[in-house]
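Colleague: There's a structure below that I have some questions on.
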2 protein chains.
Amino acid sequence: MTMTDSSNDHAGLRQAEAESFEGSIRSAGLKVTAPRLAVLRALTDMPHSNADALFGAVRAGLPGTSLQAVYGVLGSFTTAGLVRRIEPAGSPALFERRVGDNHHHIVCTRCNVVHDVDCAVGHAPCLTPSDALGFDVRAAEVIYWGLCAQCQLDTASQLDTASQLDTATP
Amino acid sequence: MTMTDSSNDHAGLRQAEAESFEGSIRSAGLKVTAPRLAVLRALTDMPHSNADALFGAVRAGLPGTSLQAVYGVLGSFTTAGLVRRIEPAGSPALFERRVGDNHHHIVCTRCNVVHDVDCAVGHAPCLTPSDALGFDVRAAEVIYWGLCAQCQLDTASQLDTASQLDTATP
DNA sequence: GAATTGTCTTGAATTACTCAAAACAAATGC
DNA sequence: GCATTTGTTTTGAGTAATTCAAGACAATTC
């Protein structure tokens with residue numbers, strides 16, 4: 001299947017996007033390859049994804065790609081500072097394109113959705129521990145844990161149903 | 001081999017300690033078993049240890065114990081709120097007895113040593129993100145990354161040696 | 001002291017990830 | 001353009017940390 005250039009309204013945008021991906025990869029000192037472009041596009045569409053989810057997205061547009069290639073791409077991107085890797089407890093590593101701004105994350109304990117949150121207090125928030133114990137502190141990583149809005153609703157309605165059942169079965 | 005009670009100065013202390021371990025386990029609603037006592041003792045001696053390190057320590061005093069038993073003990077202790085599990089990025093899960101005080105951790109990026117640090121700012125420090133995005137925030141986990149005092153010295157002297165080599169080989 | 005309940009041992013399986021060698025493709029120099 | 005160099009991907013295997021399951025066993029309860 002071939003695609004005529006500028007065949008629809010999105011073509012221009014898509015091409016501009018592709019060029020920006022290419023530029024990012026190239027200026028990170030890495031060779032521009034199809035798997036790399038595909039991973040970068042997938043990561044733009046679905047931030048906070050793990051290697052396996054990205055592999056799925058990449059494979060959709062580039063069938064021959066291996067999972068190891070995705071790991072390789074993510075590794076080189078992370079080393080190059082093109083993507084950031086986070087590892088919330090109990091989760092495989094997640095990746096995002098938002099780098100260099102020291103933002104943090106909030107994770108739902110029920111559905112595992114992840115969102116970005118900006119620095120907690122003032123500018124460089126938790127970067128100063130009460131006592132650094134002689135450490136030369138380079139980074140502070142904050143993860144908030146809680147229930148997302150949807151899961152609050154879901155659990156509330158579950159409790160509701162449960163209490164109704166209690167009443168219904170004396 | 002048998003051990004006479006109160007045969008040395010440490011015996012009284014050791015017994016008191018054993019009783020406190022027993023009490024902790026019992027009041028957490030768990031059965032008191034030899035592997036559990038051994039894990040709790042090991043964890044007291046070496047906080048921020050992983051399952052494998054604890055297994056090693058436990059096995060020293062209680063040879064028949066299996067690694068799976070250690071995982072089981074740690075799992076039930078964690079569920080019961082008797083120990084806290086932390087998972088710094090790139091590390092297997094670490095365990096500690098200090099629970100319920102919402103303290104944080106500082107990890108050396110070179111030697112992986114972990115220390116406790118108290119809350120960063122004020123009382124409930126980073127517990128309030130700038131924008132919780134509708135989440136019901138229950139916990140904030142902060143990990144500081146940096147070089148410990150010893151590793152600062154080590155890397156400094158290495159740089160020193162390297163520059164000396166540079167000068168020595170023109 | 002027997003019954004009940006929960007825990008431990010043994011053995012296997014799973015998940016997430018890494019390593020290595022050969023095939024291949026992108027950038028570089030001619 | 002085409003060959004070379006360098007870096008990347010594929011294929012296949014391997015590892016670390018952890019979990020699952022069945023039966024044996026031990027701690028509490030009655």
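Just remember, in the structure tokens the first chain shown is A, the second B, etc., residues are 1-based per chain, and ligands are 1-based in the order shown.
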Kindly provide, as a PyMOL selection string, the residues of chain B having any atom no farther than 8 Å from an atom of chain D, counting only C-alpha atoms (C1' of nucleotides).
Modeller: chain B and resi 31-33+92
Colleague: Return as a PyMOL selection string the residues belonging to chain C that are within 10 Å of chain B, counting only C-alpha atoms (C1' of nucleotides).
Modeller: chain C and resi 6-10
Colleague: Take the residues from that selection and write them out as a short mmCIF file (atom, residue, chain, number, x, y, z; two decimals), in the first residue's frame, keeping all heavy atoms.
Modeller:
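For reference, again20.cif as written:
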```
data_model
loop_
_atom_site.label_atom_id
_atom_site.label_comp_id
_atom_site.auth_asym_id
_atom_site.auth_seq_id
_atom_site.Cartn_x
_atom_site.Cartn_y
_atom_site.Cartn_z
P DG C 6 -6.68 -18.75 58.68
OP1 DG C 6 -7.13 -17.37 58.99
OP2 DG C 6 -7.10 -19.44 57.45
"O5'" DG C 6 -5.09 -18.76 58.74
"C5'" DG C 6 -4.43 -18.58 60.00
"C4'" DG C 6 -2.99 -19.02 59.86
"O4'" DG C 6 -2.92 -20.45 59.64
"C3'" DG C 6 -2.24 -18.37 58.69
"O3'" DG C 6 -1.06 -17.84 59.25
"C2'" DG C 6 -1.98 -19.52 57.71
"C1'" DG C 6 -1.95 -20.72 58.65
N9 DG C 6 -2.29 -22.02 58.06
C8 DG C 6 -3.43 -22.37 57.40
N7 DG C 6 -3.45 -23.63 57.02
C5 DG C 6 -2.24 -24.14 57.45
C6 DG C 6 -1.68 -25.44 57.33
O6 DG C 6 -2.17 -26.44 56.81
N1 DG C 6 -0.41 -25.51 57.91
C2 DG C 6 0.23 -24.46 58.52
N2 DG C 6 1.44 -24.72 59.02
N3 DG C 6 -0.27 -23.24 58.65
C4 DG C 6 -1.51 -23.15 58.09
P DT C 7 -0.03 -17.04 58.44
OP1 DT C 7 0.51 -15.98 59.32
OP2 DT C 7 -0.61 -16.72 57.13
"O5'" DT C 7 1.13 -18.12 58.23
"C5'" DT C 7 1.79 -18.64 59.38
"C4'" DT C 7 2.85 -19.62 58.96
"O4'" DT C 7 2.24 -20.79 58.38
"C3'" DT C 7 3.84 -19.09 57.93
"O3'" DT C 7 5.13 -19.30 58.46
"C2'" DT C 7 3.57 -19.93 56.67
"C1'" DT C 7 3.00 -21.21 57.27
N1 DT C 7 2.08 -21.99 56.41
C2 DT C 7 2.36 -23.31 56.18
O2 DT C 7 3.34 -23.88 56.62
N3 DT C 7 1.44 -23.97 55.39
C4 DT C 7 0.29 -23.44 54.83
O4 DT C 7 -0.44 -24.14 54.14
C5 DT C 7 0.06 -22.06 55.11
C7 DT C 7 -1.15 -21.37 54.55
C6 DT C 7 0.95 -21.39 55.88
P DC C 8 6.44 -18.96 57.69
OP1 DC C 8 7.43 -18.58 58.70
OP2 DC C 8 6.09 -18.05 56.57
"O5'" DC C 8 6.86 -20.37 57.08
"C5'" DC C 8 7.30 -21.40 57.98
"C4'" DC C 8 7.74 -22.59 57.15
"O4'" DC C 8 6.60 -23.08 56.43
"C3'" DC C 8 8.82 -22.27 56.13
"O3'" DC C 8 9.91 -23.16 56.35
"C2'" DC C 8 8.14 -22.47 54.78
"C1'" DC C 8 6.96 -23.39 55.11
N1 DC C 8 5.72 -23.18 54.28
C2 DC C 8 5.14 -24.28 53.63
O2 DC C 8 5.67 -25.39 53.74
N3 DC C 8 4.02 -24.09 52.90
C4 DC C 8 3.47 -22.88 52.80
N4 DC C 8 2.36 -22.74 52.07
C5 DC C 8 4.05 -21.74 53.45
C6 DC C 8 5.18 -21.94 54.17
P DT C 9 11.10 -23.22 55.35
OP1 DT C 9 12.28 -23.64 56.11
OP2 DT C 9 11.12 -21.97 54.55
"O5'" DT C 9 10.68 -24.43 54.38
"C5'" DT C 9 10.62 -25.75 54.90
"C4'" DT C 9 10.42 -26.74 53.75
"O4'" DT C 9 9.16 -26.44 53.11
"C3'" DT C 9 11.49 -26.66 52.65
"O3'" DT C 9 11.95 -27.98 52.40
"C2'" DT C 9 10.78 -26.05 51.46
"C1'" DT C 9 9.32 -26.38 51.71
N1 DT C 9 8.32 -25.39 51.23
C2 DT C 9 7.25 -25.85 50.46
O2 DT C 9 7.11 -27.01 50.15
N3 DT C 9 6.36 -24.86 50.10
C4 DT C 9 6.42 -23.53 50.39
O4 DT C 9 5.55 -22.75 50.00
C5 DT C 9 7.57 -23.12 51.18
C7 DT C 9 7.72 -21.68 51.57
C6 DT C 9 8.45 -24.06 51.57
P DT C 10 13.23 -28.22 51.51
OP1 DT C 10 13.96 -29.34 52.12
OP2 DT C 10 13.88 -26.92 51.30
"O5'" DT C 10 12.64 -28.71 50.11
"C5'" DT C 10 11.44 -29.51 50.06
"C4'" DT C 10 10.85 -29.50 48.66
"O4'" DT C 10 9.87 -28.46 48.53
"C3'" DT C 10 11.84 -29.31 47.51
"O3'" DT C 10 11.70 -30.41 46.63
"C2'" DT C 10 11.45 -28.00 46.87
"C1'" DT C 10 9.97 -27.90 47.24
N1 DT C 10 9.42 -26.53 47.34
C2 DT C 10 8.16 -26.28 46.84
O2 DT C 10 7.47 -27.12 46.31
N3 DT C 10 7.73 -24.99 47.00
C4 DT C 10 8.43 -23.95 47.59
O4 DT C 10 7.93 -22.83 47.67
C5 DT C 10 9.74 -24.27 48.09
C7 DT C 10 10.57 -23.23 48.74
C6 DT C 10 10.17 -25.54 47.94
#
```
Colleague: Define the interface residues of chain A facing chain B as those within 8 Å, counting only C-alpha atoms, and report them as a PDB file with C-alpha atoms, in the first residue's frame.
Modeller:
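This went into selection_26.pdb:
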```pdb
ATOM      1  CA  ILE A  86      10.708   6.187  35.674  1.00  0.00           C
ATOM      2  CA  GLU A  87      10.169   3.093  37.773  1.00  0.00           C
ATOM      3  CA  PRO A  88       7.249   3.370  40.152  1.00  0.00           C
ATOM      4  CA  ALA A  89       7.282   0.586  42.748  1.00  0.00           C
ATOM      5  CA  GLY A  90       5.639  -2.562  41.443  1.00  0.00           C
ATOM      6  CA  ILE A 106       1.239  10.830  40.545  1.00  0.00           C
ATOM      7  CA  CYS A 108      -3.202   5.659  40.871  1.00  0.00           C
ATOM      8  CA  VAL A 117       2.803  16.877  38.362  1.00  0.00           C
ATOM      9  CA  ASP A 118       4.985  19.905  38.646  1.00  0.00           C
ATOM     10  CA  CYS A 119       7.373  20.546  41.454  1.00  0.00           C
ATOM     11  CA  ALA A 120       5.712  20.468  44.828  1.00  0.00           C
ATOM     12  CA  VAL A 121       6.942  23.497  46.720  1.00  0.00           C
ATOM     13  CA  CYS A 126      12.253  18.516  47.561  1.00  0.00           C
ATOM     14  CA  LEU A 127      15.779  18.919  46.276  1.00  0.00           C
ATOM     15  CA  THR A 128      16.975  19.825  49.756  1.00  0.00           C
ATOM     16  CA  PRO A 129      16.485  17.047  52.274  1.00  0.00           C
ATOM     17  CA  SER A 130      16.345  17.991  55.945  1.00  0.00           C
ATOM     18  CA  ASP A 131      19.733  16.361  56.373  1.00  0.00           C
ATOM     19  CA  ALA A 132      21.671  15.169  53.347  1.00  0.00           C
ATOM     20  CA  LEU A 133      24.018  13.109  55.537  1.00  0.00           C
ATOM     21  CA  GLY A 134      27.046  14.253  53.604  1.00  0.00           C
ATOM     22  CA  PHE A 135      25.566  13.259  50.257  1.00  0.00           C
ATOM     23  CA  ASP A 136      26.052  15.368  47.177  1.00  0.00           C
ATOM     24  CA  VAL A 137      22.401  15.395  46.129  1.00  0.00           C
ATOM     25  CA  ARG A 138      21.886  15.483  42.384  1.00  0.00           C
ATOM     26  CA  ALA A 139      18.228  14.661  41.926  1.00  0.00           C
ATOM     27  CA  ALA A 140      15.014  14.261  43.860  1.00  0.00           C
ATOM     28  CA  GLU A 141      12.346  11.964  42.635  1.00  0.00           C
ATOM     29  CA  VAL A 142       8.841  12.326  44.007  1.00  0.00           C
ATOM     30  CA  ILE A 143       6.017   9.894  43.445  1.00  0.00           C
ATOM     31  CA  TYR A 144       2.577  10.604  44.817  1.00  0.00           C
ATOM     32  CA  TRP A 145       0.302   7.635  45.364  1.00  0.00           C
ATOM     33  CA  GLY A 146      -3.459   7.882  45.520  1.00  0.00           C
ATOM     34  CA  LEU A 147      -6.765   7.220  43.804  1.00  0.00           C
ATOM     35  CA  CYS A 148      -7.469   8.945  40.510  1.00  0.00           C
ATOM     36  CA  ALA A 149     -10.798  10.723  40.085  1.00  0.00           C
ATOM     37  CA  GLN A 152     -12.668   7.316  43.509  1.00  0.00           C
TER      38      GLN A 152
END
```
Colleague: In Å, how far is it from CA of Glu96 in chain A to CA of Arg84 in chain A?
Modeller: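 Separation of CA of Glu96 in chain A and CA of Arg84 in chain A: 5.4 Å.
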Colleague: CA of Gly61 in chain B and CA of Pro47 in chain B are how many Å apart?
Modeller: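 Atom-to-atom, CA of Gly61 in chain B to CA of Pro47 in chain B, that is 17.7 Å.
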